[in-house]
Amino acid sequence: MHQDDQDIQYKVQFSTWKKIISIIFKSKKHLVLLIIYSGMLASLDVVTPLFNRYAIDVFFVGGDYSTWPYYIAANLGLALAFGLVVWGFIYEAGIIEAEVSYELRRQAFENLQRLSYSYFDKTPQGWVMARMTSDTRKLSLIISWGLVDFVWAGLQMIMILVVLYLTFVRLALIMTIILPIMLVIAYIFTKWILKQHRVARKHNSQLTAQYSEGFLGAKTTKSLSIEDSNYDEFSLTANNLKRASIKAVISSALFSSVVLVLAYVAVTTTMVQGTIYVLGSVLTLGTLQMFLFYTTNFFEPVMAISRTLSDLQNAQASAERIVGLIETKPELYDKQDVIEKYGDLFQDMKENWEPLKGDVEFKDVTFYYKDNETILSHFNLKVKSGQSVALVGHTGSGKTTLVNLLSRFYEPKEGQILIDGIDYRERSIHWLHSRLGYVLQTPHLFSTTVMENIRYGRLNATDEEVMYAAKMVGVDDFVKHLDKGYQTSVGEGGNLLSVGQKQLISFARAILADPRILILDEATSSIDSESEMIIQEATEKLLSDRTSIIVAHRLSTIVNSDLIVMLDMGQIIEMGSHEELLNKRGAYFELYKNQFFKEKGKELEAVLE
Ligand SMILES: Nc1ncnc2c1ncn2[C@@H]1O[C@H](COP(=O)(O)OP(=O)(O)OP(=O)(O)O)[C@@H](O)[C@H]1O
Ligand SMILES: [Mg+2]
């Protein structure tokens, strides 16, 4: 579970709500209209019993039907007004709901673009997805409809009390006595219900996590045959969730019935007391009926308000998480003077950007992900512009760490990384990223066509340029055989293509971008020798005329590099050209020997088959 995914806070977080309120206020016009409509609804609700009182007292008891046509007309008017107001508040609440959720999602997404690579290393995808979907939906729903309830209920309560006191103080007192009892009960129940919801939510987020884990890991699960134990775990959590939800429902139901009982105690008392007044001719029948009506309906707004309050408290956890997402600061950022010169991610000032030549230097670089776990210590390496460097070494030796540092996905803790002789922190991240190509070990394709996937390398490239890049690295050869050619969709994450094909497409993307520095994290997964040859040719094209750093696994790539750097535990243990290192008969020689025999062995097997 994510670090700040702790459960709901008891205290109201003012800073969170301030942010949310600023977002709601972006729909100011609709907010005002919503309040007006909700207020009108409350007024109409209060006016209706007054109409009934008039009918009873004047028509039925008084027998005077002279105003009958006006009464009917007024009633029709009331019905029309109801219709208009109901339409109005549903419309406005709907708009506010949509606008708030749009704004929350927009701000969160914008911030996600700004966050550094390390954030995505640490944050599970499912966590972000849940914030962007269910939390924003929940929050905007509660805000818009909660607002209606709040305004409507609050105004109605006040108006009912005012009308009652204006008409007959002695009967109004009964309500006033019951009200505080009601509030205490509402308070106790709301707390109890909230607690049940809290427990349910905890189980729910566990369930969601298991669900997404199950989905993402479905293939692995199947290959490990652990469906059974996964299922057991899942059904245990699901069961806990069910039990907690039932408890929450029971407490809500109990609350409603207690309120109802109290309401009827109030109604009965009013009735008994009122009848005495009517018999004594202190009160008209119409007024008594009106009192009974108000008393019965008085508790509905009380419940609506306590429901809204508990909804809001429920929503606070969602609000905090979304605001947290919106306000997370990137771990890496440009200095103020750099932004002034180079611009930021959304507004670059390309006119001030220097060209990039491609000299790279790691100067006394020390780096760790976690304190006390140094990965690189006083690391030095110089690469001249146009050179191709192969990084080799055992798993965990720090190859990816090195290229991540160079890409400025992370920054050195001590020391510097110089590009063309200048510390890369003196220039903007965007400046570097738009001149640096990184072909990841596991290439990612977007769920669109082959054409668009390559075009991501340079968004303004023409179709011809895209296809030219594709031809250069041999993408063209397999695209020809796809049913829709370049317009074929690659499926989610590109999973309709093979790993080798995905890699070639990301090569084409890199070539199209024409970066000065190219980083290539070679796929370790084995591919057939024909694809291997195509990829090898593509790699050579890719490397020509630019600085390149390759995390190399394939012998052919390594052998052709200008410089081979052998790493072990974050240290360079050997460095030089292929011949130099072979002559040394050291670690590289051993690696080469093993790899060579392995590959020869494979060839031999292929011949024997
Ligand atoms: N995001 C991270 N957080 C914490 N530690 C990390 C992180 N990434 C890598 N490490 C640690 O840093 C060390 C170097 O890892 P790195 O990924 O650079 O190795 P590598 O040489 O690329 O290995 P491989 O050949 O398996 O890709 C390892 O000990 C690893 O556990
Ligand atoms: Mg690696």
# chains A, B, ... in the order shown; residues from 1 in each chain; ligands from 1

$ residues_around --residues "stretch 592-594 of chain A" --least-positions-apart "5" --cutoff "12 Å" --atoms "only C-alpha atoms" --output "JSON list (two decimals) with C-alpha atoms, in the first residue's frame"
[["chain", "number", "residue", "atom", "x", "y", "z"],
["A", 392, "VAL", "CA", 28.83, -4.70, -19.33],
["A", 393, "GLY", "CA", 28.65, -6.37, -15.96],
["A", 553, "HIS", "CA", 24.12, -8.09, -23.55],
["A", 554, "ARG", "CA", 24.77, -9.13, -27.12],
["A", 555, "LEU", "CA", 28.31, -9.94, -28.04],
["A", 556, "SER", "CA", 27.96, -8.39, -31.47],
["A", 558, "ILE", "CA", 29.82, -5.18, -27.45],
["A", 559, "VAL", "CA", 32.49, -6.10, -29.96],
["A", 564, "ILE", "CA", 33.88, -1.30, -23.33],
["A", 566, "MET", "CA", 33.09, -3.46, -17.35],
["A", 578, "HIS", "CA", 37.65, -5.40, -27.34],
["A", 579, "GLU", "CA", 41.22, -6.38, -28.34],
["A", 581, "LEU", "CA", 40.53, -6.32, -22.94],
["A", 582, "LEU", "CA", 40.93, -9.73, -24.52],
["A", 583, "ASN", "CA", 44.69, -9.42, -24.30],
["A", 585, "ARG", "CA", 42.85, -12.02, -19.94],
["A", 586, "GLY", "CA", 40.85, -10.59, -17.06],
["A", 587, "ALA", "CA", 37.18, -10.44, -16.20],
["A", 599, "GLU", "CA", 26.47, -18.73, -28.55],
["A", 600, "LYS", "CA", 28.59, -21.16, -30.49],
["A", 601, "GLY", "CA", 26.85, -23.93, -28.65]]

$ residues_around --residues "A:Val128" --least-positions-apart "4" --cutoff "12 Å" --atoms "only C-alpha atoms" --output "mmCIF file with all heavy atoms, in the first residue's frame"
data_model
loop_
_atom_site.group_PDB
_atom_site.id
_atom_site.type_symbol
_atom_site.label_atom_id
_atom_site.label_comp_id
_atom_site.auth_asym_id
_atom_site.auth_seq_id
_atom_site.Cartn_x
_atom_site.Cartn_y
_atom_site.Cartn_z
ATOM 1 N N MET A 1 0.830 -1.197 0.000
ATOM 2 C CA MET A 1 0.000 0.000 0.000
ATOM 3 C C MET A 1 0.871 1.256 0.000
ATOM 4 O O MET A 1 1.964 1.252 0.542
ATOM 5 C CB MET A 1 -0.877 -0.004 1.245
ATOM 6 C CG MET A 1 -2.172 0.747 1.023
ATOM 7 S SD MET A 1 -3.173 0.717 2.494
ATOM 8 C CE MET A 1 -3.761 -0.955 2.468
ATOM 9 N N HIS A 2 0.403 2.274 -0.648
ATOM 10 C CA HIS A 2 1.202 3.483 -0.776
ATOM 11 C C HIS A 2 1.369 4.162 0.577
ATOM 12 O O HIS A 2 0.519 4.068 1.443
ATOM 13 C CB HIS A 2 0.488 4.421 -1.744
ATOM 14 C CG HIS A 2 1.383 5.522 -2.229
ATOM 15 N ND1 HIS A 2 1.250 6.803 -1.814
ATOM 16 C CD2 HIS A 2 2.431 5.498 -3.069
ATOM 17 C CE1 HIS A 2 2.167 7.543 -2.397
ATOM 18 N NE2 HIS A 2 2.889 6.773 -3.170
ATOM 19 N N ASP A 5 -1.325 6.293 2.091
ATOM 20 C CA ASP A 5 -2.648 5.724 1.945
ATOM 21 C C ASP A 5 -3.199 5.286 3.298
ATOM 22 O O ASP A 5 -3.931 4.319 3.387
ATOM 23 C CB ASP A 5 -2.600 4.527 0.986
ATOM 24 C CG ASP A 5 -3.894 4.406 0.231
ATOM 25 O OD1 ASP A 5 -4.768 5.257 0.440
ATOM 26 O OD2 ASP A 5 -4.008 3.467 -0.562
ATOM 27 N N ARG A 105 -9.128 15.982 -12.222
ATOM 28 C CA ARG A 105 -8.361 15.079 -13.078
ATOM 29 C C ARG A 105 -7.338 15.843 -13.896
ATOM 30 O O ARG A 105 -6.211 15.393 -14.082
ATOM 31 C CB ARG A 105 -9.305 14.322 -14.013
ATOM 32 C CG ARG A 105 -10.048 13.267 -13.268
ATOM 33 C CD ARG A 105 -10.987 12.495 -14.128
ATOM 34 N NE ARG A 105 -11.715 11.572 -13.242
ATOM 35 C CZ ARG A 105 -12.923 11.133 -13.483
ATOM 36 N NH1 ARG A 105 -13.557 11.494 -14.566
ATOM 37 N NH2 ARG A 105 -13.498 10.314 -12.634
ATOM 38 N N ALA A 108 -4.443 16.845 -11.640
ATOM 39 C CA ALA A 108 -3.650 15.683 -11.251
ATOM 40 C C ALA A 108 -2.809 15.203 -12.433
ATOM 41 O O ALA A 108 -1.625 14.893 -12.300
ATOM 42 C CB ALA A 108 -4.550 14.569 -10.745
ATOM 43 N N PHE A 109 -3.424 15.163 -13.611
ATOM 44 C CA PHE A 109 -2.701 14.673 -14.786
ATOM 45 C C PHE A 109 -1.550 15.603 -15.139
ATOM 46 O O PHE A 109 -0.452 15.161 -15.454
ATOM 47 C CB PHE A 109 -3.659 14.546 -15.974
ATOM 48 C CG PHE A 109 -3.061 13.779 -17.126
ATOM 49 C CD1 PHE A 109 -3.004 12.397 -17.081
ATOM 50 C CD2 PHE A 109 -2.541 14.436 -18.227
ATOM 51 C CE1 PHE A 109 -2.437 11.685 -18.124
ATOM 52 C CE2 PHE A 109 -1.972 13.733 -19.269
ATOM 53 C CZ PHE A 109 -1.930 12.352 -19.220
ATOM 54 N N ASN A 111 0.097 17.452 -13.151
ATOM 55 C CA ASN A 111 1.191 17.269 -12.201
ATOM 56 C C ASN A 111 1.947 15.960 -12.450
ATOM 57 O O ASN A 111 3.157 15.899 -12.297
ATOM 58 C CB ASN A 111 0.685 17.327 -10.767
ATOM 59 C CG ASN A 111 1.808 17.610 -9.795
ATOM 60 O OD1 ASN A 111 2.633 18.467 -10.044
ATOM 61 N ND2 ASN A 111 1.869 16.847 -8.718
ATOM 62 N N LEU A 112 1.199 14.940 -12.871
ATOM 63 C CA LEU A 112 1.859 13.666 -13.176
ATOM 64 C C LEU A 112 2.915 13.842 -14.266
ATOM 65 O O LEU A 112 3.962 13.202 -14.244
ATOM 66 C CB LEU A 112 0.836 12.641 -13.661
ATOM 67 C CG LEU A 112 0.101 11.858 -12.586
ATOM 68 C CD1 LEU A 112 -0.884 10.911 -13.233
ATOM 69 C CD2 LEU A 112 1.084 11.075 -11.739
ATOM 70 N N TYR A 119 9.353 8.986 -9.068
ATOM 71 C CA TYR A 119 7.989 8.862 -8.554
ATOM 72 C C TYR A 119 7.307 7.624 -9.140
ATOM 73 O O TYR A 119 6.635 6.879 -8.447
ATOM 74 C CB TYR A 119 7.196 10.116 -8.916
ATOM 75 C CG TYR A 119 5.775 10.107 -8.420
ATOM 76 C CD1 TYR A 119 5.484 10.456 -7.108
ATOM 77 C CD2 TYR A 119 4.721 9.725 -9.250
ATOM 78 C CE1 TYR A 119 4.186 10.440 -6.642
ATOM 79 C CE2 TYR A 119 3.419 9.704 -8.791
ATOM 80 C CZ TYR A 119 3.157 10.064 -7.492
ATOM 81 O OH TYR A 119 1.873 10.031 -7.027
ATOM 82 N N PHE A 120 7.522 7.410 -10.434
ATOM 83 C CA PHE A 120 6.872 6.275 -11.092
ATOM 84 C C PHE A 120 7.551 4.957 -10.739
ATOM 85 O O PHE A 120 6.969 3.892 -10.872
ATOM 86 C CB PHE A 120 6.831 6.502 -12.602
ATOM 87 C CG PHE A 120 6.062 7.728 -12.951
ATOM 88 C CD1 PHE A 120 6.699 8.936 -13.131
ATOM 89 C CD2 PHE A 120 4.680 7.682 -13.004
ATOM 90 C CE1 PHE A 120 5.971 10.080 -13.405
ATOM 91 C CE2 PHE A 120 3.942 8.818 -13.271
ATOM 92 C CZ PHE A 120 4.601 10.025 -13.471
ATOM 93 N N LYS A 122 8.417 4.413 -7.697
ATOM 94 C CA LYS A 122 7.945 4.106 -6.343
ATOM 95 C C LYS A 122 6.441 3.911 -6.243
ATOM 96 O O LYS A 122 5.968 3.226 -5.354
ATOM 97 C CB LYS A 122 8.337 5.262 -5.402
ATOM 98 C CG LYS A 122 9.790 5.241 -4.988
ATOM 99 C CD LYS A 122 10.047 6.249 -3.896
ATOM 100 C CE LYS A 122 9.804 7.670 -4.348
ATOM 101 N NZ LYS A 122 10.789 8.640 -3.888
ATOM 102 N N THR A 123 5.685 4.577 -7.132
ATOM 103 C CA THR A 123 4.245 4.590 -6.956
ATOM 104 C C THR A 123 3.580 3.533 -7.818
ATOM 105 O O THR A 123 3.768 3.531 -9.036
ATOM 106 C CB THR A 123 3.683 5.967 -7.347
ATOM 107 O OG1 THR A 123 4.541 6.934 -6.784
ATOM 108 C CG2 THR A 123 2.275 6.147 -6.843
ATOM 109 N N PRO A 124 2.791 2.650 -7.200
ATOM 110 C CA PRO A 124 2.116 1.643 -8.014
ATOM 111 C C PRO A 124 1.114 2.308 -8.954
ATOM 112 O O PRO A 124 0.428 3.265 -8.569
ATOM 113 C CB PRO A 124 1.380 0.784 -6.991
ATOM 114 C CG PRO A 124 1.808 1.233 -5.666
ATOM 115 C CD PRO A 124 2.479 2.540 -5.779
ATOM 116 N N MET A 132 -7.286 8.814 -9.818
ATOM 117 C CA MET A 132 -7.802 9.522 -10.987
ATOM 118 C C MET A 132 -9.242 9.140 -11.296
ATOM 119 O O MET A 132 -9.964 9.907 -11.919
ATOM 120 C CB MET A 132 -6.935 9.222 -12.212
ATOM 121 C CG MET A 132 -5.517 9.691 -12.100
ATOM 122 S SD MET A 132 -5.384 11.469 -12.161
ATOM 123 C CE MET A 132 -5.135 11.718 -13.907
ATOM 124 N N THR A 133 -9.642 7.928 -10.917
ATOM 125 C CA THR A 133 -10.994 7.509 -11.275
ATOM 126 C C THR A 133 -11.929 7.543 -10.082
ATOM 127 O O THR A 133 -12.731 8.454 -9.947
ATOM 128 C CB THR A 133 -10.987 6.113 -11.899
ATOM 129 O OG1 THR A 133 -10.309 5.244 -10.998
ATOM 130 C CG2 THR A 133 -10.278 6.100 -13.221
ATOM 131 N N SER A 134 -11.806 6.581 -9.173
ATOM 132 C CA SER A 134 -12.846 6.468 -8.155
ATOM 133 C C SER A 134 -12.821 7.619 -7.157
ATOM 134 O O SER A 134 -13.862 8.132 -6.782
ATOM 135 C CB SER A 134 -12.763 5.118 -7.452
ATOM 136 O OG SER A 134 -11.655 5.089 -6.616
ATOM 137 N N ASP A 135 -11.641 8.079 -6.763
ATOM 138 C CA ASP A 135 -11.601 9.179 -5.795
ATOM 139 C C ASP A 135 -12.174 10.471 -6.361
ATOM 140 O O ASP A 135 -12.935 11.160 -5.693
ATOM 141 C CB ASP A 135 -10.170 9.421 -5.302
ATOM 142 C CG ASP A 135 -9.818 8.500 -4.151
ATOM 143 O OD1 ASP A 135 -10.755 7.970 -3.525
ATOM 144 O OD2 ASP A 135 -8.629 8.318 -3.876
ATOM 145 N N THR A 136 -11.810 10.802 -7.602
ATOM 146 C CA THR A 136 -12.341 12.047 -8.162
ATOM 147 C C THR A 136 -13.850 11.936 -8.350
ATOM 148 O O THR A 136 -14.574 12.896 -8.095
ATOM 149 C CB THR A 136 -11.715 12.384 -9.531
ATOM 150 O OG1 THR A 136 -11.757 11.233 -10.331
ATOM 151 C CG2 THR A 136 -10.290 12.849 -9.396
ATOM 152 N N ALA A 209 -6.413 -3.703 -4.162
ATOM 153 C CA ALA A 209 -5.002 -3.997 -4.387
ATOM 154 C C ALA A 209 -4.832 -5.437 -4.859
ATOM 155 O O ALA A 209 -4.124 -5.717 -5.823
ATOM 156 C CB ALA A 209 -4.209 -3.757 -3.118
ATOM 157 N N ARG A 321 -6.061 12.442 -0.724
ATOM 158 C CA ARG A 321 -5.213 11.718 -1.671
ATOM 159 C C ARG A 321 -5.113 12.446 -3.001
ATOM 160 O O ARG A 321 -4.046 12.532 -3.596
ATOM 161 C CB ARG A 321 -5.746 10.302 -1.870
ATOM 162 C CG ARG A 321 -5.526 9.455 -0.624
ATOM 163 C CD ARG A 321 -5.842 8.023 -0.889
ATOM 164 N NE ARG A 321 -7.248 7.854 -1.142
ATOM 165 C CZ ARG A 321 -8.007 6.963 -0.518
ATOM 166 N NH1 ARG A 321 -7.477 6.159 0.377
ATOM 167 N NH2 ARG A 321 -9.272 6.857 -0.794
ATOM 168 N N ILE A 322 -6.238 13.009 -3.465
ATOM 169 C CA ILE A 322 -6.180 13.716 -4.749
ATOM 170 C C ILE A 322 -5.346 14.976 -4.617
ATOM 171 O O ILE A 322 -4.480 15.251 -5.451
ATOM 172 C CB ILE A 322 -7.587 14.100 -5.233
ATOM 173 C CG1 ILE A 322 -8.418 12.852 -5.416
ATOM 174 C CG2 ILE A 322 -7.505 14.849 -6.538
ATOM 175 C CD1 ILE A 322 -9.852 13.143 -5.667
ATOM 176 N N GLY A 324 -3.092 15.495 -2.523
ATOM 177 C CA GLY A 324 -1.711 15.041 -2.397
ATOM 178 C C GLY A 324 -1.085 14.807 -3.758
ATOM 179 O O GLY A 324 0.038 15.216 -4.033
ATOM 180 N N LEU A 325 -1.863 14.170 -4.640
ATOM 181 C CA LEU A 325 -1.373 13.888 -5.992
ATOM 182 C C LEU A 325 -1.144 15.187 -6.761
ATOM 183 O O LEU A 325 -0.145 15.359 -7.452
ATOM 184 C CB LEU A 325 -2.393 13.013 -6.720
ATOM 185 C CG LEU A 325 -2.026 12.510 -8.098
ATOM 186 C CD1 LEU A 325 -0.764 11.701 -8.053
ATOM 187 C CD2 LEU A 325 -3.153 11.660 -8.656
ATOM 188 N N ILE A 326 -2.076 16.115 -6.602
ATOM 189 C CA ILE A 326 -1.967 17.381 -7.332
ATOM 190 C C ILE A 326 -0.772 18.185 -6.832
ATOM 191 O O ILE A 326 -0.122 18.886 -7.596
ATOM 192 C CB ILE A 326 -3.265 18.204 -7.170
ATOM 193 C CG1 ILE A 326 -4.413 17.534 -7.921
ATOM 194 C CG2 ILE A 326 -3.088 19.634 -7.679
ATOM 195 C CD1 ILE A 326 -5.743 18.202 -7.750
#

$ closest_atom_pairs --of "chain A" --to "ligand 2" --cutoff "12 Å" --atoms "only C-alpha atoms and all ligand atoms" --output "tab-separated table"
residue	atom	partner	partner_atom_place_in_ligand_line	distance
A:Leu391	CA	ligand 2	1 (Mg)	10.3
A:Val392	CA	ligand 2	1 (Mg)	10.2
A:Gly393	CA	ligand 2	1 (Mg)	9.8
A:His394	CA	ligand 2	1 (Mg)	9.5
A:Thr395	CA	ligand 2	1 (Mg)	7.0
A:Gly396	CA	ligand 2	1 (Mg)	7.0
A:Ser397	CA	ligand 2	1 (Mg)	8.4
A:Gly398	CA	ligand 2	1 (Mg)	7.1
A:Lys399	CA	ligand 2	1 (Mg)	5.6
A:Thr400	CA	ligand 2	1 (Mg)	4.1
A:Thr401	CA	ligand 2	1 (Mg)	7.2
A:Leu402	CA	ligand 2	1 (Mg)	9.2
A:Val403	CA	ligand 2	1 (Mg)	9.0
A:Asn404	CA	ligand 2	1 (Mg)	9.6
A:Leu440	CA	ligand 2	1 (Mg)	9.5
A:Gln441	CA	ligand 2	1 (Mg)	7.5
A:Thr442	CA	ligand 2	1 (Mg)	10.3
A:Leu520	CA	ligand 2	1 (Mg)	10.7
A:Asp521	CA	ligand 2	1 (Mg)	7.3
A:Glu522	CA	ligand 2	1 (Mg)	9.0
A:Ala523	CA	ligand 2	1 (Mg)	9.5
A:Thr524	CA	ligand 2	1 (Mg)	9.4
A:Ile550	CA	ligand 2	1 (Mg)	10.8
A:Val551	CA	ligand 2	1 (Mg)	7.6
A:Ala552	CA	ligand 2	1 (Mg)	9.9
A:His553	CA	ligand 2	1 (Mg)	10.5
A:Leu567	CA	ligand 2	1 (Mg)	11.9

$ write_last_selection --atoms "C-alpha atoms" --output "PDB file, in the first residue's frame"
ATOM      1  CA  LEU A 391      28.441  -1.111 -20.400  1.00  0.00           C
ATOM      2  CA  VAL A 392      28.831  -4.701 -19.326  1.00  0.00           C
ATOM      3  CA  GLY A 393      28.648  -6.374 -15.965  1.00  0.00           C
ATOM      4  CA  HIS A 394      26.660  -8.746 -13.823  1.00  0.00           C
ATOM      5  CA  THR A 395      23.106  -8.100 -12.808  1.00  0.00           C
ATOM      6  CA  GLY A 396      22.939  -5.423 -10.128  1.00  0.00           C
ATOM      7  CA  SER A 397      26.324  -3.971 -11.014  1.00  0.00           C
ATOM      8  CA  GLY A 398      24.822  -0.529 -11.626  1.00  0.00           C
ATOM      9  CA  LYS A 399      24.438  -0.297 -15.411  1.00  0.00           C
ATOM     10  CA  THR A 400      20.860   0.941 -15.404  1.00  0.00           C
ATOM     11  CA  THR A 401      21.675   3.249 -12.512  1.00  0.00           C
ATOM     12  CA  LEU A 402      24.412   4.864 -14.579  1.00  0.00           C
ATOM     13  CA  VAL A 403      22.222   5.524 -17.582  1.00  0.00           C
ATOM     14  CA  ASN A 404      19.368   6.722 -15.372  1.00  0.00           C
ATOM     15  CA  LEU A 440      14.307   1.121 -22.605  1.00  0.00           C
ATOM     16  CA  GLN A 441      15.116  -2.470 -21.820  1.00  0.00           C
ATOM     17  CA  THR A 442      11.411  -3.236 -22.011  1.00  0.00           C
ATOM     18  CA  LEU A 520      20.131   1.833 -25.253  1.00  0.00           C
ATOM     19  CA  ASP A 521      19.282  -0.727 -22.614  1.00  0.00           C
ATOM     20  CA  GLU A 522      19.407  -3.916 -24.631  1.00  0.00           C
ATOM     21  CA  ALA A 523      16.730  -6.470 -24.063  1.00  0.00           C
ATOM     22  CA  THR A 524      18.074  -9.511 -22.262  1.00  0.00           C
ATOM     23  CA  ILE A 550      24.596   0.857 -24.466  1.00  0.00           C
ATOM     24  CA  VAL A 551      23.865  -1.532 -21.698  1.00  0.00           C
ATOM     25  CA  ALA A 552      24.970  -4.416 -23.807  1.00  0.00           C
ATOM     26  CA  HIS A 553      24.116  -8.093 -23.548  1.00  0.00           C
ATOM     27  CA  LEU A 567      31.320  -2.763 -14.094  1.00  0.00           C
TER      28      LEU A 567
END

$ residues_around --residues "stretch 258-266 of chain A" --least-positions-apart "2" --cutoff "12 Å" --atoms "only C-alpha atoms" --output "PyMOL selection string"
chain A and resi 171-189+251-256+268-274+291-304+306

$ select_by_dssp --residues "stretch 280-402 of chain A" --states "strand (DSSP E)" --output "list in words"
Val360, Glu361, Phe362, Lys363, Asp364, Val365, Thr366, Phe367, Tyr368, Thr374, Ile375, Leu376, Ser377, His378, Phe379, Asn380, Leu381, Lys382, Val383, Ser388, Val389, Ala390, Leu391, Val392 and Gly393 of chain A

$ select_by_dssp --residues "stretch 255-412 of chain A" --states "helix (DSSP H, G or I)" --output "PyMOL selection string"
chain A and resi 255-279+285-327+336-342+350-352+399-406

$ atom_distance --atom1 "atom CA of A:Ser43" --atom2 "atom CA of A:Leu283"
24.1 Å

$ residues_around --residues "A:Ala248" --least-positions-apart "3" --cutoff "12 Å" --atoms "only C-alpha atoms" --output "MDAnalysis selection string"
chainID A and resid 189:201 241:245 251:255

$ write_last_selection --atoms "N, CA, C and O atoms" --output "compact mmCIF listing (two decimals), in the first residue's frame"
# COMPACT_ATOMS: atom_id res chain seq x y z
N PHE A 189 -24.81 8.66 16.26
CA PHE A 189 -24.94 7.69 15.17
C PHE A 189 -23.96 7.97 14.04
O PHE A 189 -23.36 7.05 13.47
N THR A 190 -23.81 9.26 13.73
CA THR A 190 -22.91 9.60 12.62
C THR A 190 -21.51 9.09 12.90
O THR A 190 -20.84 8.53 12.03
N LYS A 191 -21.07 9.26 14.14
CA LYS A 191 -19.73 8.79 14.50
C LYS A 191 -19.62 7.28 14.33
O LYS A 191 -18.65 6.75 13.82
N TRP A 192 -20.68 6.61 14.79
CA TRP A 192 -20.68 5.15 14.74
C TRP A 192 -20.66 4.66 13.29
O TRP A 192 -19.88 3.78 12.91
N ILE A 193 -21.53 5.28 12.49
CA ILE A 193 -21.61 4.89 11.08
C ILE A 193 -20.27 5.14 10.37
O ILE A 193 -19.78 4.31 9.62
N LEU A 194 -19.67 6.28 10.68
CA LEU A 194 -18.37 6.60 10.07
C LEU A 194 -17.34 5.54 10.38
O LEU A 194 -16.54 5.15 9.54
N LYS A 195 -17.39 5.07 11.64
CA LYS A 195 -16.41 4.06 12.04
C LYS A 195 -16.59 2.79 11.21
O LYS A 195 -15.62 2.21 10.72
N GLN A 196 -17.85 2.39 11.03
CA GLN A 196 -18.11 1.19 10.22
C GLN A 196 -17.61 1.37 8.79
O GLN A 196 -17.03 0.49 8.20
N HIS A 197 -17.86 2.57 8.26
CA HIS A 197 -17.43 2.83 6.89
C HIS A 197 -15.91 2.78 6.77
O HIS A 197 -15.38 2.32 5.78
N ARG A 198 -15.27 3.26 7.84
CA ARG A 198 -13.82 3.30 7.82
C ARG A 198 -13.27 1.87 7.71
O ARG A 198 -12.40 1.59 6.90
N VAL A 199 -13.85 1.00 8.51
CA VAL A 199 -13.40 -0.40 8.47
C VAL A 199 -13.67 -0.99 7.09
O VAL A 199 -12.80 -1.63 6.48
N ALA A 200 -14.87 -0.70 6.57
CA ALA A 200 -15.22 -1.24 5.25
C ALA A 200 -14.25 -0.74 4.19
O ALA A 200 -13.82 -1.49 3.32
N ARG A 201 -13.90 0.52 4.31
CA ARG A 201 -13.02 1.09 3.29
C ARG A 201 -11.64 0.45 3.32
O ARG A 201 -11.01 0.25 2.30
N LEU A 241 -14.90 -7.58 3.87
CA LEU A 241 -15.54 -6.38 3.33
C LEU A 241 -17.05 -6.51 3.45
O LEU A 241 -17.75 -5.58 3.86
N LYS A 242 -17.56 -7.70 3.14
CA LYS A 242 -19.00 -7.92 3.20
C LYS A 242 -19.51 -7.68 4.62
O LYS A 242 -20.48 -6.97 4.84
N ARG A 243 -18.78 -8.28 5.59
CA ARG A 243 -19.23 -8.14 6.98
C ARG A 243 -19.23 -6.68 7.43
O ARG A 243 -20.18 -6.21 8.03
N ALA A 244 -18.16 -5.96 7.08
CA ALA A 244 -18.07 -4.56 7.48
C ALA A 244 -19.16 -3.73 6.81
O ALA A 244 -19.77 -2.87 7.45
N SER A 245 -19.44 -4.05 5.53
CA SER A 245 -20.48 -3.29 4.83
C SER A 245 -21.84 -3.53 5.47
O SER A 245 -22.64 -2.61 5.63
N SER A 251 -26.08 -0.02 10.93
CA SER A 251 -26.06 1.20 11.74
C SER A 251 -26.84 2.32 11.07
O SER A 251 -27.53 3.08 11.75
N SER A 252 -26.77 2.41 9.73
CA SER A 252 -27.56 3.43 9.04
C SER A 252 -29.04 3.20 9.24
O SER A 252 -29.81 4.13 9.50
N ALA A 253 -29.44 1.93 9.10
CA ALA A 253 -30.86 1.60 9.23
C ALA A 253 -31.37 1.93 10.63
O ALA A 253 -32.46 2.47 10.82
N LEU A 254 -30.55 1.60 11.62
CA LEU A 254 -30.92 1.86 13.01
C LEU A 254 -31.11 3.35 13.24
O LEU A 254 -32.05 3.79 13.90
N PHE A 255 -30.21 4.12 12.65
CA PHE A 255 -30.28 5.58 12.78
C PHE A 255 -31.62 6.08 12.23
O PHE A 255 -32.35 6.80 12.90

$ residues_around --residues "A:Tyr211" --least-positions-apart "3" --cutoff "12 Å" --atoms "only C-alpha atoms" --output "NGL selection string"
:A and (126 or 204-208 or 214-218 or 230-231 or 233-235 or 237-238)

$ closest_residue --among "A:His203, A:Arg170, A:Lys363, A:Arg137" --to "A:Leu406" --atoms "only C-alpha atoms"
A:Lys363

$ atom_distance --atom1 "atom CA of A:Val365" --atom2 "atom CA of A:Gly570"
10.6 Å

$ closest_residue --among "A:Ile505, A:Ile375, A:Ala470, A:Leu459" --to "ligand 1" --atoms "only C-alpha atoms and all ligand atoms"
A:Ile375

$ atom_distance --atom1 "atom CA of A:Gln313" --atom2 "atom CA of A:Leu139"
10.7 Å

$ closest_residue --among "A:Asp121, A:Glu426, A:Glu414, A:Asp232" --to "ligand 1" --atoms "only C-alpha atoms and all ligand atoms"
A:Asp121

$ residues_around --residues "A:Leu504" --least-positions-apart "4" --cutoff "7 Å" --atoms "only C-alpha atoms" --output "list of chain:residue names"
A:Val473, A:Val475, A:Gly500, A:Ala508, A:Ile535
